[in-house]
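A.B. asks: Next up is a structure, given as C-alpha cells.
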Amino acid sequence: MEKVPDSSSNYPNKLIDQFGRQVDYIRLSITDRCDFRCTYCMAEEMTFLPRDEVLSLEECARLVKVFVNLGVTKVRITGGEPLVRKNALWLFEEVGKLETLKELVLTTNGSQLEKQAAGLKQAGVKRINISLDSLNSERFKKITRTGELDKVLRGIQAAKQVGFDNIKLNSVLMRGTNEDEVQTLVDFAIDQAIDISFIEEMPLGEVNHARDSTFVSNADTLKTLQSKYTLIASTESTGGPARYWQVANSKTKIGFISPHSHNFCEACNRVRITCKGELYLCLGQDSKVDLMPLLRNNPDNDQPLIQAIVDSMSIKPKGHDFDIQRAKPAVVRFMSHTGG
C-alpha cells in the first residue's frame with residue numbers, strides 16, 4: 001500500500017455546524033458491495049459501482065486523517081459490508097495509528113468475522129456492531145436473501161474469543177417478518193453478555209414492500225420488553241443516536257434508534273462519507289459535497305479538501321425528513337450506498 005500523504009496545512013480544531021453542533025464522528029463507507037441482500041437495505045438485483053468510481057483505501061485513509069485533524073474523535077467503518085473489501089485490514093491498521101482518535105469502530109454483517117476478528121482487534125478496533133435480524137436460520141436466509149446464520153454466529157463467537165468486549169447487535173424489526181423475535185433476540189444478547197439495539201426501518205431506496213406496512217415502532221417494542229424484563233433507563237451514550245436501557249441483573253443494554261418515533265437530530269454530531277467520496281451531512285437529506293475530485297486533483301495538498309469540509313458545515317440541515325407514509329422515499333439512494 002502507498003503511504004498516505006501528509007499535509008502542512010493549518011486546521012481549525014473543531015467542526016461546528018450552523019446550529020452550533022460539533023461534528024466529531026464520521027461514518028465512512030469503504031464499499032457499496034455486500035455478500036448479503038437484506039430486504040430493507042438493497043434490491044435483490046443490485047448494480048454496484050465500477051472500481052474507479054470508488055475511493056481507494058489510500059484515499060480513505062487520507063480522508064480520515066484530515067477529519068481527525070479537524071477534531072473528529074470517532075470513526076466508524078461501514079459498507080455495504082466493509083470486510084468484503086480486499087485489503088480492508090490495511091485501512092483499519094492505518095486509522096488505528098492516529099493518536100488523537102479515541103474510537104475506531106466497525107459495523108458489519110458478521111459474515112467475515114470468523115476470519116478477521118483477530119486482525120481487527122490487533123489493528124485497534126474498539127467496538128463492533130453486528131447486524132442480526134433473526135435467530136431462525138430459514139427466516140435469516142429470507143431476510144438476507146444470501147446469508148447463513150451459522151456463519152454470523154461463529155463470527156460473534158470469534159469476536160468474543162479474541163477479546164472484543166464491546167459487541168452490539170443491531171436489529172431491524174419488520175411487521176410480518178420478525179417482530180415476534182424481539183424477546184428471542186434480547187435473550188440471546190443477555191446469554192452472550194453483549195448489547196443489542198433495535199433500529200426503526202428507514203425509508204431509504206425503492207424496495208419491493210410498502211415501508212408503512214412493515215414498520216414497527218420502537219415505542220411499541222420498548223413497551224413489549226418492559227413487560228418481560230426489568231429495564232433501567234441509562235444515561236450512557238456511544239456517541240450515536242441510540243437511547244439505552246440496562247437489563248437488570250445482566251451485562252446487557254438495550255438501545256433504541258428511533259428516527260420516526262423520536263427525532264434525534266437536536267444533538268447530531270456526525271456526517272457520512274460514501275465509498276464514492278460523497279460527504280452527506282445528514283442520512284435523511286440529499287445535501288452533499290463531492291470530495292473525490294478534491295482528493296484526486298490535489299494529491300499533495302489537503303487545503304482544498306479541508307476548506308470544502310469546513311464549508312460543508314454551513315449546509316448541514318437541522319434534521320432528517322423521514323416519512324414512511326410517502327408513496328416514494330424522499331431519499332432514493334439505498335442504505336448500502338450511504339453506509340450502514
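Residues in the C-alpha cells are named by chain (A, B, ... in the order shown) and by number from 1 within that chain; ligands are numbered from 1 in the order shown.
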Determine, counting only C-alpha atoms, which protein, DNA and RNA residues have an atom within 6 Å of an atom of region 165-180 of chain A; residues of the same chain fewer than 3 positions away are not included. Present the result as a PDB file with N, CA and C atoms, in the first residue's frame.

C.D. replies:
ATOM      1  N   ARG A 127     -14.838  -1.270  19.070  1.00  0.00           N
ATOM      2  CA  ARG A 127     -16.182  -1.834  19.195  1.00  0.00           C
ATOM      3  C   ARG A 127     -16.647  -2.363  17.850  1.00  0.00           C
ATOM      4  N   ILE A 128     -17.518  -3.362  17.903  1.00  0.00           N
ATOM      5  CA  ILE A 128     -18.090  -3.939  16.691  1.00  0.00           C
ATOM      6  C   ILE A 128     -19.609  -3.972  16.829  1.00  0.00           C
ATOM      7  N   ASN A 129     -20.301  -3.453  15.819  1.00  0.00           N
ATOM      8  CA  ASN A 129     -21.742  -3.600  15.709  1.00  0.00           C
ATOM      9  C   ASN A 129     -22.029  -4.646  14.642  1.00  0.00           C
ATOM     10  N   ILE A 130     -22.855  -5.626  14.977  1.00  0.00           N
ATOM     11  CA  ILE A 130     -23.141  -6.737  14.071  1.00  0.00           C
ATOM     12  C   ILE A 130     -24.638  -6.782  13.788  1.00  0.00           C
ATOM     13  N   SER A 131     -24.997  -6.708  12.520  1.00  0.00           N
ATOM     14  CA  SER A 131     -26.411  -6.764  12.146  1.00  0.00           C
ATOM     15  C   SER A 131     -26.921  -8.193  12.316  1.00  0.00           C
ATOM     16  N   LEU A 132     -28.030  -8.326  13.031  1.00  0.00           N
ATOM     17  CA  LEU A 132     -28.638  -9.650  13.237  1.00  0.00           C
ATOM     18  C   LEU A 132     -30.132  -9.454  13.433  1.00  0.00           C
ATOM     19  N   ASP A 133     -30.914  -9.879  12.455  1.00  0.00           N
ATOM     20  CA  ASP A 133     -32.354  -9.625  12.472  1.00  0.00           C
ATOM     21  C   ASP A 133     -33.190 -10.859  12.791  1.00  0.00           C
ATOM     22  N   ILE A 194     -23.749  -9.384  25.668  1.00  0.00           N
ATOM     23  CA  ILE A 194     -23.484  -8.303  24.720  1.00  0.00           C
ATOM     24  C   ILE A 194     -24.714  -7.401  24.664  1.00  0.00           C
ATOM     25  N   ASP A 195     -24.593  -6.269  23.984  1.00  0.00           N
ATOM     26  CA  ASP A 195     -25.685  -5.310  23.886  1.00  0.00           C
ATOM     27  C   ASP A 195     -26.476  -5.534  22.600  1.00  0.00           C
ATOM     28  N   ILE A 196     -27.641  -4.914  22.529  1.00  0.00           N
ATOM     29  CA  ILE A 196     -28.467  -5.002  21.328  1.00  0.00           C
ATOM     30  C   ILE A 196     -29.207  -3.687  21.136  1.00  0.00           C
ATOM     31  N   SER A 197     -29.303  -3.240  19.894  1.00  0.00           N
ATOM     32  CA  SER A 197     -30.096  -2.049  19.564  1.00  0.00           C
ATOM     33  C   SER A 197     -31.145  -2.408  18.524  1.00  0.00           C
ATOM     34  N   PHE A 198     -32.322  -1.846  18.693  1.00  0.00           N
ATOM     35  CA  PHE A 198     -33.391  -2.002  17.717  1.00  0.00           C
ATOM     36  C   PHE A 198     -33.490  -0.706  16.917  1.00  0.00           C
ATOM     37  N   ILE A 199     -33.461  -0.851  15.604  1.00  0.00           N
ATOM     38  CA  ILE A 199     -33.431   0.296  14.701  1.00  0.00           C
ATOM     39  C   ILE A 199     -34.714   0.304  13.877  1.00  0.00           C
ATOM     40  N   THR A 214     -44.665  -2.503   7.027  1.00  0.00           N
ATOM     41  CA  THR A 214     -43.734  -3.329   7.800  1.00  0.00           C
ATOM     42  C   THR A 214     -43.177  -2.600   9.021  1.00  0.00           C
ATOM     43  N   PHE A 215     -43.491  -1.319   9.158  1.00  0.00           N
ATOM     44  CA  PHE A 215     -42.890  -0.512  10.207  1.00  0.00           C
ATOM     45  C   PHE A 215     -43.295  -0.988  11.604  1.00  0.00           C
ATOM     46  N   VAL A 216     -42.302  -1.114  12.483  1.00  0.00           N
ATOM     47  CA  VAL A 216     -42.524  -1.432  13.892  1.00  0.00           C
ATOM     48  C   VAL A 216     -41.924  -0.302  14.720  1.00  0.00           C
TER      49      VAL A 216
END

A.B. asks: What lies within 9 Å of region 269-273 of chain A using only C-alpha atoms, ignoring chain neighbours under 3 positions off, as a VMD selection string?

C.D. replies: chain A and resid 21 to 30 239 to 240 265 276 to 283 291 316 338 to 339

A.B. asks: DSSP says strand (DSSP E) for which residues of region 142-301 of chain A? Put them as a PyMOL selection string?

C.D. replies: chain A and resi 167-171+195-199+231-233+243-247+253-257+270-273+278-280+288-290

A.B. asks: CA of Arg76 (chain A) and CA of Asp17 (chain A), how far apart in Å?

C.D. replies: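 These two atoms are separated by 20.1 Å.
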
A.B. asks: Write out as a PyMOL selection string the set of residues from region 59-156 of chain A that DSSP, computed on the backbone, places in helix (DSSP H, G or I).

C.D. replies: chain A and resi 59-69+82-84+88-96+113-123+137-144+149-156

A.B. asks: The selected residues should be written to file as a compact mmCIF listing (two decimals), in the first residue's frame (atoms: N, CA and C atoms).

C.D. replies:
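Okay, this is what ended up in selection_4.txt:
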# COMPACT_ATOMS: atom_id res chain seq x y z
N GLU A 59 -6.99 6.70 -0.33
CA GLU A 59 -7.83 7.90 -0.27
C GLU A 59 -8.70 7.90 0.98
N CYS A 60 -9.20 6.74 1.34
CA CYS A 60 -9.99 6.62 2.58
C CYS A 60 -9.16 7.01 3.79
N ALA A 61 -7.93 6.50 3.84
CA ALA A 61 -7.04 6.80 4.96
C ALA A 61 -6.72 8.29 5.02
N ARG A 62 -6.49 8.88 3.86
CA ARG A 62 -6.20 10.32 3.80
C ARG A 62 -7.38 11.13 4.30
N LEU A 63 -8.58 10.76 3.88
CA LEU A 63 -9.78 11.45 4.33
C LEU A 63 -9.94 11.38 5.84
N VAL A 64 -9.77 10.18 6.38
CA VAL A 64 -9.93 10.01 7.83
C VAL A 64 -8.91 10.87 8.57
N LYS A 65 -7.68 10.90 8.08
CA LYS A 65 -6.64 11.70 8.74
C LYS A 65 -7.03 13.17 8.75
N VAL A 66 -7.56 13.67 7.65
CA VAL A 66 -7.97 15.07 7.59
C VAL A 66 -9.09 15.34 8.60
N PHE A 67 -10.08 14.47 8.64
CA PHE A 67 -11.18 14.67 9.59
C PHE A 67 -10.70 14.61 11.04
N VAL A 68 -9.80 13.69 11.33
CA VAL A 68 -9.28 13.60 12.70
C VAL A 68 -8.51 14.86 13.06
N ASN A 69 -7.78 15.40 12.11
CA ASN A 69 -7.08 16.67 12.36
C ASN A 69 -8.05 17.84 12.53
N PRO A 82 -18.07 -3.89 4.85
CA PRO A 82 -16.70 -3.41 4.71
C PRO A 82 -15.66 -4.52 4.62
N LEU A 83 -15.92 -5.65 5.26
CA LEU A 83 -14.90 -6.69 5.31
C LEU A 83 -14.83 -7.53 4.04
N VAL A 84 -15.71 -7.26 3.06
CA VAL A 84 -15.53 -7.93 1.76
C VAL A 84 -14.58 -7.13 0.87
N ALA A 88 -8.97 -4.62 3.30
CA ALA A 88 -9.61 -3.68 4.22
C ALA A 88 -8.85 -3.55 5.53
N LEU A 89 -8.21 -4.64 5.96
CA LEU A 89 -7.50 -4.61 7.24
C LEU A 89 -6.39 -3.56 7.24
N TRP A 90 -5.78 -3.30 6.08
CA TRP A 90 -4.75 -2.27 6.00
C TRP A 90 -5.29 -0.92 6.44
N LEU A 91 -6.51 -0.61 6.01
CA LEU A 91 -7.11 0.68 6.37
C LEU A 91 -7.33 0.76 7.88
N PHE A 92 -7.85 -0.31 8.47
CA PHE A 92 -8.05 -0.31 9.93
C PHE A 92 -6.72 -0.10 10.65
N GLU A 93 -5.67 -0.71 10.14
CA GLU A 93 -4.35 -0.56 10.76
C GLU A 93 -3.86 0.88 10.65
N GLU A 94 -4.05 1.51 9.49
CA GLU A 94 -3.62 2.90 9.29
C GLU A 94 -4.40 3.86 10.19
N VAL A 95 -5.72 3.69 10.22
CA VAL A 95 -6.54 4.58 11.03
C VAL A 95 -6.26 4.36 12.52
N GLY A 96 -6.01 3.11 12.88
CA GLY A 96 -5.74 2.79 14.28
C GLY A 96 -4.49 3.45 14.83
N LEU A 113 -16.24 -12.19 10.10
CA LEU A 113 -15.58 -12.01 11.40
C LEU A 113 -14.80 -13.24 11.84
N GLU A 114 -15.29 -14.42 11.49
CA GLU A 114 -14.61 -15.63 11.92
C GLU A 114 -13.14 -15.61 11.48
N LYS A 115 -12.88 -15.05 10.29
CA LYS A 115 -11.52 -14.98 9.75
C LYS A 115 -10.79 -13.71 10.17
N GLN A 116 -11.51 -12.62 10.39
CA GLN A 116 -10.85 -11.33 10.50
C GLN A 116 -10.88 -10.70 11.89
N ALA A 117 -11.56 -11.31 12.85
CA ALA A 117 -11.70 -10.70 14.17
C ALA A 117 -10.36 -10.42 14.83
N ALA A 118 -9.43 -11.37 14.74
CA ALA A 118 -8.14 -11.20 15.41
C ALA A 118 -7.38 -10.02 14.83
N GLY A 119 -7.36 -9.89 13.50
CA GLY A 119 -6.66 -8.80 12.86
C GLY A 119 -7.27 -7.45 13.20
N LEU A 120 -8.58 -7.39 13.28
CA LEU A 120 -9.27 -6.15 13.61
C LEU A 120 -8.95 -5.72 15.04
N LYS A 121 -8.91 -6.68 15.93
CA LYS A 121 -8.58 -6.37 17.33
C LYS A 121 -7.16 -5.82 17.42
N GLN A 122 -6.24 -6.44 16.71
CA GLN A 122 -4.84 -6.01 16.74
C GLN A 122 -4.68 -4.63 16.11
N ALA A 123 -5.52 -4.31 15.12
CA ALA A 123 -5.43 -3.01 14.43
C ALA A 123 -5.92 -1.86 15.29
N SER A 137 -32.82 -19.83 11.21
CA SER A 137 -31.98 -19.96 10.01
C SER A 137 -32.75 -19.70 8.73
N GLU A 138 -33.94 -20.25 8.62
CA GLU A 138 -34.73 -20.07 7.40
C GLU A 138 -35.16 -18.62 7.24
N ARG A 139 -35.59 -18.02 8.33
CA ARG A 139 -36.01 -16.61 8.28
C ARG A 139 -34.83 -15.70 8.00
N PHE A 140 -33.68 -16.00 8.61
CA PHE A 140 -32.47 -15.22 8.36
C PHE A 140 -32.13 -15.24 6.88
N LYS A 141 -32.25 -16.41 6.27
CA LYS A 141 -31.96 -16.54 4.84
C LYS A 141 -32.95 -15.73 4.02
N LYS A 142 -34.21 -15.70 4.44
CA LYS A 142 -35.22 -14.96 3.71
C LYS A 142 -34.97 -13.45 3.80
N ILE A 143 -34.59 -12.98 4.98
CA ILE A 143 -34.35 -11.54 5.17
C ILE A 143 -33.11 -11.09 4.40
N THR A 144 -32.04 -11.90 4.49
CA THR A 144 -30.76 -11.51 3.89
C THR A 144 -30.63 -11.97 2.44
N LEU A 149 -26.91 -17.96 8.78
CA LEU A 149 -26.94 -17.59 10.19
C LEU A 149 -25.77 -18.20 10.95
N ASP A 150 -25.46 -19.47 10.72
CA ASP A 150 -24.39 -20.13 11.47
C ASP A 150 -23.06 -19.42 11.29
N LYS A 151 -22.82 -18.90 10.10
CA LYS A 151 -21.57 -18.18 9.82
C LYS A 151 -21.49 -16.91 10.66
N VAL A 152 -22.60 -16.21 10.79
CA VAL A 152 -22.64 -14.99 11.60
C VAL A 152 -22.46 -15.32 13.08
N LEU A 153 -23.11 -16.38 13.53
CA LEU A 153 -22.98 -16.77 14.94
C LEU A 153 -21.54 -17.17 15.27
N ARG A 154 -20.88 -17.85 14.33
CA ARG A 154 -19.46 -18.18 14.54
C ARG A 154 -18.61 -16.91 14.57
N GLY A 155 -18.99 -15.92 13.76
CA GLY A 155 -18.28 -14.65 13.77
C GLY A 155 -18.40 -13.93 15.10
N ILE A 156 -19.58 -13.98 15.69
CA ILE A 156 -19.78 -13.36 17.02
C ILE A 156 -18.89 -14.04 18.05

A.B. asks: Which value, in Å to one decimal, gives the distance between CA of Ser56 (chain A) and CA of Phe164 (chain A)?

C.D. replies: 27.8 Å

A.B. asks: Applying 10 Å and only C-alpha atoms, which residues near region 225-234 of chain A remain after dropping the ones on its own chain fewer than 4 positions away? List them as an mmCIF file with N, CA, C and O atoms, in the first residue's frame.

C.D. replies:
data_model
loop_
_atom_site.group_PDB
_atom_site.id
_atom_site.type_symbol
_atom_site.label_atom_id
_atom_site.label_comp_id
_atom_site.auth_asym_id
_atom_site.auth_seq_id
_atom_site.Cartn_x
_atom_site.Cartn_y
_atom_site.Cartn_z
ATOM 1 N N VAL A 182 -38.462 -10.431 19.053
ATOM 2 C CA VAL A 182 -37.829 -9.401 19.871
ATOM 3 C C VAL A 182 -37.292 -9.986 21.178
ATOM 4 O O VAL A 182 -36.150 -9.710 21.579
ATOM 5 N N GLN A 183 -38.074 -10.829 21.852
ATOM 6 C CA GLN A 183 -37.600 -11.392 23.116
ATOM 7 C C GLN A 183 -36.495 -12.420 22.874
ATOM 8 O O GLN A 183 -35.533 -12.496 23.649
ATOM 9 N N VAL A 186 -33.285 -10.510 22.404
ATOM 10 C CA VAL A 186 -32.802 -9.950 23.668
ATOM 11 C C VAL A 186 -32.246 -11.060 24.562
ATOM 12 O O VAL A 186 -31.178 -10.899 25.179
ATOM 13 N N ASP A 220 -43.392 0.884 20.728
ATOM 14 C CA ASP A 220 -44.117 -0.362 20.975
ATOM 15 C C ASP A 220 -43.173 -1.472 21.416
ATOM 16 O O ASP A 220 -43.501 -2.279 22.305
ATOM 17 N N THR A 221 -41.998 -1.525 20.792
ATOM 18 C CA THR A 221 -41.016 -2.546 21.166
ATOM 19 C C THR A 221 -40.591 -2.383 22.618
ATOM 20 O O THR A 221 -40.482 -3.357 23.371
ATOM 21 N N ARG A 243 -30.772 5.466 22.371
ATOM 22 C CA ARG A 243 -31.100 5.657 23.781
ATOM 23 C C ARG A 243 -31.100 4.281 24.433
ATOM 24 O O ARG A 243 -31.717 3.348 23.910
ATOM 25 N N TYR A 244 -30.447 4.155 25.586
ATOM 26 C CA TYR A 244 -30.197 2.837 26.164
ATOM 27 C C TYR A 244 -30.972 2.591 27.450
ATOM 28 O O TYR A 244 -31.244 3.508 28.229
ATOM 29 N N TRP A 245 -31.289 1.305 27.662
ATOM 30 C CA TRP A 245 -31.877 0.803 28.900
ATOM 31 C C TRP A 245 -31.046 -0.399 29.350
ATOM 32 O O TRP A 245 -30.720 -1.270 28.549
ATOM 33 N N GLN A 246 -30.704 -0.419 30.630
ATOM 34 C CA GLN A 246 -29.962 -1.543 31.190
ATOM 35 C C GLN A 246 -30.943 -2.645 31.601
ATOM 36 O O GLN A 246 -31.960 -2.375 32.252
ATOM 37 N N VAL A 247 -30.639 -3.884 31.204
ATOM 38 C CA VAL A 247 -31.437 -5.017 31.664
ATOM 39 C C VAL A 247 -30.943 -5.377 33.063
ATOM 40 O O VAL A 247 -29.763 -5.681 33.256
ATOM 41 N N ALA A 248 -31.837 -5.325 34.041
ATOM 42 C CA ALA A 248 -31.453 -5.580 35.434
ATOM 43 C C ALA A 248 -30.813 -6.956 35.576
ATOM 44 O O ALA A 248 -31.213 -7.923 34.905
ATOM 45 N N ASN A 249 -29.791 -7.031 36.411
ATOM 46 C CA ASN A 249 -29.105 -8.288 36.728
ATOM 47 C C ASN A 249 -28.465 -8.935 35.505
ATOM 48 O O ASN A 249 -28.418 -10.162 35.377
ATOM 49 N N LYS A 253 -27.243 -4.029 27.680
ATOM 50 C CA LYS A 253 -28.041 -2.820 27.491
ATOM 51 C C LYS A 253 -28.832 -2.973 26.196
ATOM 52 O O LYS A 253 -28.344 -3.554 25.222
ATOM 53 N N ILE A 254 -30.037 -2.422 26.204
ATOM 54 C CA ILE A 254 -30.884 -2.419 25.012
ATOM 55 C C ILE A 254 -30.981 -0.982 24.514
ATOM 56 O O ILE A 254 -31.368 -0.082 25.264
ATOM 57 N N GLY A 255 -30.613 -0.770 23.265
ATOM 58 C CA GLY A 255 -30.677 0.561 22.681
ATOM 59 C C GLY A 255 -31.823 0.676 21.695
ATOM 60 O O GLY A 255 -32.273 -0.321 21.126
#

A.B. asks: Which residue gives the smallest distance to Asp290 (chain A) among A:Leu185, A:Leu55, A:Phe48, A:Val105, with only C-alpha atoms counted?

C.D. replies: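 Comparing A:Leu185, A:Leu55, A:Phe48, A:Val105 against Asp290 (chain A), the winner is A:Leu55.
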
A.B. asks: Which residue is closest to Arg37 (chain A)? Choose from A:Tyr11, A:Glu81, A:Gln192, A:Glu200 and count only C-alpha atoms.

C.D. replies: A:Glu81

A.B. asks: Record the distance separating CA of Lys126 (chain A) and CA of Ser258 (chain A), expressed in Å with one decimal.

C.D. replies: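 Separation of CA of Lys126 (chain A) and CA of Ser258 (chain A): 24.4 Å.
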